[in-house]
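Colleague: Next up is a structure, given as structure tokens.
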Amino acid sequence: MMKNWYKWVAGILLLYTVWFGLMGEVPRKVVLNESIRNLYFHVPMWFGMIIILAASVWNSVKYLQTSQLKYDLRAESTAKVGILYGVLGLITGMLWAQYTWGEWWSSDPKQNTSAIALLIYLAYLVLRGSFNESAQRARIGAVYNIFAFAALIPLLFILPRLTDSLHPGNGGNPGFGAYDLDGRMRAVFYPAVLGWTFLGFWLVNLRNRIQTLRMKNEEA
């Protein structure tokens, strides 16, 4: 029971997030209007993605240090869940863009660099699938995973700030906290970040268990 505490926390926080995200009071802002509710979904998914992908890199480093395949298994599982969160983040971002900017994809620098970052991680999965020998796949995959995360940070947080961008906090625009996020929204936003992150690690745990059972069946 105690080792599954984060699953209960994830469920409670996400129920809280969904309820207040759809039914709670939000600031009435010009242009954003009711679409500001997407802040509880789009942004926390990106936060969760970064945390999960950081855990993937940590496992890749541990594999390179120890050569234990369990760390490679965890690195792959966390990377796949991180990619899933990235795709969901792009979809919710496109939905938000349609209602605020008038286009699903406006070639905003943040949109473009986010798509590039996801393509880099999708290439990680393709690279892993091109090797049959497990140790070679794990070693090369670990090195590439570290490179992918090193590329992710400037793509998401540095390059979009160097040019004009419609995204809050980029291209000279103030961040959400400066003009939109009041106390009511903060009371939902921060639990949403924790809830989506814990859900991500729950998915990672499920995938690890499935992969472990599959490996045992293959060995048998």
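The way I read the labels, and the way they are meant: chains A, B, ... in the order of the structure tokens, residue 1 as the first residue of every chain, and ligand 1 as the first ligand shown, with later ones counted on from there.
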Would you pick out the contacts of Gly93 in chain A at 7 Å or less, using only C-alpha atoms, so that residues sharing its chain but fewer than 4 positions from it are not included, and give the list as a VMD selection string?
Modeller: chain A and resid 42 89 97
Colleague: Kindly export the residues of the current selection with N, CA and C atoms, as a short mmCIF file (atom, residue, chain, number, x, y, z; two decimals), in the first residue's frame.
Modeller:
data_model
loop_
_atom_site.label_atom_id
_atom_site.label_comp_id
_atom_site.auth_asym_id
_atom_site.auth_seq_id
_atom_site.Cartn_x
_atom_site.Cartn_y
_atom_site.Cartn_z
N HIS A 42 -2.00 21.60 -20.67
CA HIS A 42 -0.89 21.77 -21.61
C HIS A 42 0.45 21.97 -20.89
N GLY A 89 1.34 17.21 -25.19
CA GLY A 89 1.60 18.63 -25.02
C GLY A 89 1.47 19.39 -26.33
N ALA A 97 -3.73 27.09 -29.49
CA ALA A 97 -3.34 28.04 -30.53
C ALA A 97 -4.51 28.35 -31.46
#
Colleague: Residues at most 12 Å from range 208-218 of chain A, counting only C-alpha atoms, excluding those fewer than 3 positions away in the same chain, as a list in words?
Modeller: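 That gives Leu69, Lys70, Tyr71, Asp72, Leu73, Arg74, Ala75, Glu76, Ser77, Thr78, Ala79, Lys80, Val81, Ser134, Phe201, Trp202, Leu203, Val204 and Asn205 of chain A.
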Colleague: Could those residues be written to a file, using N, CA and C atoms, as a PDB file, in the first residue's frame?
Modeller:
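That gives us out-v2.pdb:
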ATOM      1  N   LEU A  69      21.304  -4.208 -17.438  1.00  0.00           N
ATOM      2  CA  LEU A  69      20.244  -3.983 -18.421  1.00  0.00           C
ATOM      3  C   LEU A  69      18.962  -3.447 -17.792  1.00  0.00           C
ATOM      4  N   LYS A  70      18.800  -3.598 -16.475  1.00  0.00           N
ATOM      5  CA  LYS A  70      17.588  -3.065 -15.853  1.00  0.00           C
ATOM      6  C   LYS A  70      17.527  -1.549 -16.001  1.00  0.00           C
ATOM      7  N   TYR A  71      18.676  -0.896 -15.999  1.00  0.00           N
ATOM      8  CA  TYR A  71      18.691   0.558 -16.163  1.00  0.00           C
ATOM      9  C   TYR A  71      18.351   0.947 -17.600  1.00  0.00           C
ATOM     10  N   ASP A  72      18.785   0.143 -18.563  1.00  0.00           N
ATOM     11  CA  ASP A  72      18.422   0.408 -19.953  1.00  0.00           C
ATOM     12  C   ASP A  72      16.926   0.238 -20.155  1.00  0.00           C
ATOM     13  N   LEU A  73      16.349  -0.774 -19.505  1.00  0.00           N
ATOM     14  CA  LEU A  73      14.912  -1.000 -19.590  1.00  0.00           C
ATOM     15  C   LEU A  73      14.152   0.201 -19.042  1.00  0.00           C
ATOM     16  N   ARG A  74      14.608   0.716 -17.905  1.00  0.00           N
ATOM     17  CA  ARG A  74      13.952   1.879 -17.311  1.00  0.00           C
ATOM     18  C   ARG A  74      14.135   3.126 -18.171  1.00  0.00           C
ATOM     19  N   ALA A  75      15.320   3.268 -18.761  1.00  0.00           N
ATOM     20  CA  ALA A  75      15.577   4.425 -19.622  1.00  0.00           C
ATOM     21  C   ALA A  75      14.630   4.422 -20.819  1.00  0.00           C
ATOM     22  N   GLU A  76      14.443   3.250 -21.425  1.00  0.00           N
ATOM     23  CA  GLU A  76      13.549   3.160 -22.572  1.00  0.00           C
ATOM     24  C   GLU A  76      12.105   3.443 -22.171  1.00  0.00           C
ATOM     25  N   SER A  77      11.675   2.879 -21.051  1.00  0.00           N
ATOM     26  CA  SER A  77      10.291   3.067 -20.609  1.00  0.00           C
ATOM     27  C   SER A  77       9.999   4.525 -20.308  1.00  0.00           C
ATOM     28  N   THR A  78      10.904   5.178 -19.590  1.00  0.00           N
ATOM     29  CA  THR A  78      10.683   6.582 -19.246  1.00  0.00           C
ATOM     30  C   THR A  78      10.735   7.457 -20.493  1.00  0.00           C
ATOM     31  N   ALA A  79      11.610   7.131 -21.437  1.00  0.00           N
ATOM     32  CA  ALA A  79      11.678   7.915 -22.683  1.00  0.00           C
ATOM     33  C   ALA A  79      10.367   7.800 -23.453  1.00  0.00           C
ATOM     34  N   LYS A  80       9.790   6.606 -23.523  1.00  0.00           N
ATOM     35  CA  LYS A  80       8.543   6.428 -24.269  1.00  0.00           C
ATOM     36  C   LYS A  80       7.387   7.180 -23.621  1.00  0.00           C
ATOM     37  N   VAL A  81       7.329   7.152 -22.303  1.00  0.00           N
ATOM     38  CA  VAL A  81       6.271   7.909 -21.616  1.00  0.00           C
ATOM     39  C   VAL A  81       6.514   9.407 -21.776  1.00  0.00           C
ATOM     40  N   SER A 134      21.380  -6.885 -27.414  1.00  0.00           N
ATOM     41  CA  SER A 134      20.863  -6.052 -26.321  1.00  0.00           C
ATOM     42  C   SER A 134      21.909  -5.115 -25.727  1.00  0.00           C
ATOM     43  N   PHE A 201       4.987   8.595 -14.058  1.00  0.00           N
ATOM     44  CA  PHE A 201       5.818   7.560 -13.435  1.00  0.00           C
ATOM     45  C   PHE A 201       5.012   6.290 -13.167  1.00  0.00           C
ATOM     46  N   TRP A 202       3.731   6.420 -12.960  1.00  0.00           N
ATOM     47  CA  TRP A 202       2.863   5.244 -12.851  1.00  0.00           C
ATOM     48  C   TRP A 202       2.878   4.479 -14.175  1.00  0.00           C
ATOM     49  N   LEU A 203       2.752   5.190 -15.295  1.00  0.00           N
ATOM     50  CA  LEU A 203       2.812   4.546 -16.609  1.00  0.00           C
ATOM     51  C   LEU A 203       4.174   3.903 -16.845  1.00  0.00           C
ATOM     52  N   VAL A 204       5.232   4.576 -16.402  1.00  0.00           N
ATOM     53  CA  VAL A 204       6.577   4.006 -16.526  1.00  0.00           C
ATOM     54  C   VAL A 204       6.665   2.694 -15.761  1.00  0.00           C
ATOM     55  N   ASN A 205       6.134   2.675 -14.554  1.00  0.00           N
ATOM     56  CA  ASN A 205       6.172   1.466 -13.727  1.00  0.00           C
ATOM     57  C   ASN A 205       5.416   0.322 -14.395  1.00  0.00           C
TER      58      ASN A 205
END
Colleague: Can you pull out the residues contacting Lys7 in chain A? Cut-off 9 Å, using only C-alpha atoms, and skip same-chain residues under 2 positions away; I want them as a PyMOL selection string.
Modeller: chain A and resi 3-5+9-12+198-199+201-202
Colleague: Suppose you want the space between CA of Ala54 in chain A and CA of Leu155 in chain A; what is it in Å?
Modeller: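 We find that CA of Ala54 in chain A and CA of Leu155 in chain A lie 15.0 Å from each other.
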Colleague: Between A:Leu90, A:Val57, A:Val18, A:Leu84, which one has atoms that come closest to Trp105 in chain A, using only C-alpha atoms?
Modeller: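 Counting only C-alpha atoms, the residue closest to Trp105 in chain A is A:Leu90.
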Colleague: Using DSSP on the backbone coordinates, identify the residues of chain A assigned to alpha helix (DSSP H); present them as an MDAnalysis selection string.
Modeller: chainID A and resid 5:23 42:66 69:100 109:129 134:153 176:179 183:219
Colleague: Can you measure CA of Val43 in chain A to CA of Leu162 in chain A for me? One decimal in Å is fine.
Modeller: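 Distance between the two atoms: 20.6 Å.
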Colleague: Need to verify the contact set: Leu159 in chain A, 9 Å, only C-alpha atoms, exclusion of same-chain residues closer than 4 positions in sequence. Can you return it as a list of chain:residue names?
Modeller: A:Pro109, A:Lys110, A:Thr113, A:Pro154, A:Leu155, A:Thr163
Colleague: Quick check, in Å to one decimal: how far apart do CA of Ala123 in chain A and CA of Leu206 in chain A lie?
Modeller: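 About the pair CA of Ala123 in chain A and CA of Leu206 in chain A: they are 23.3 Å apart.
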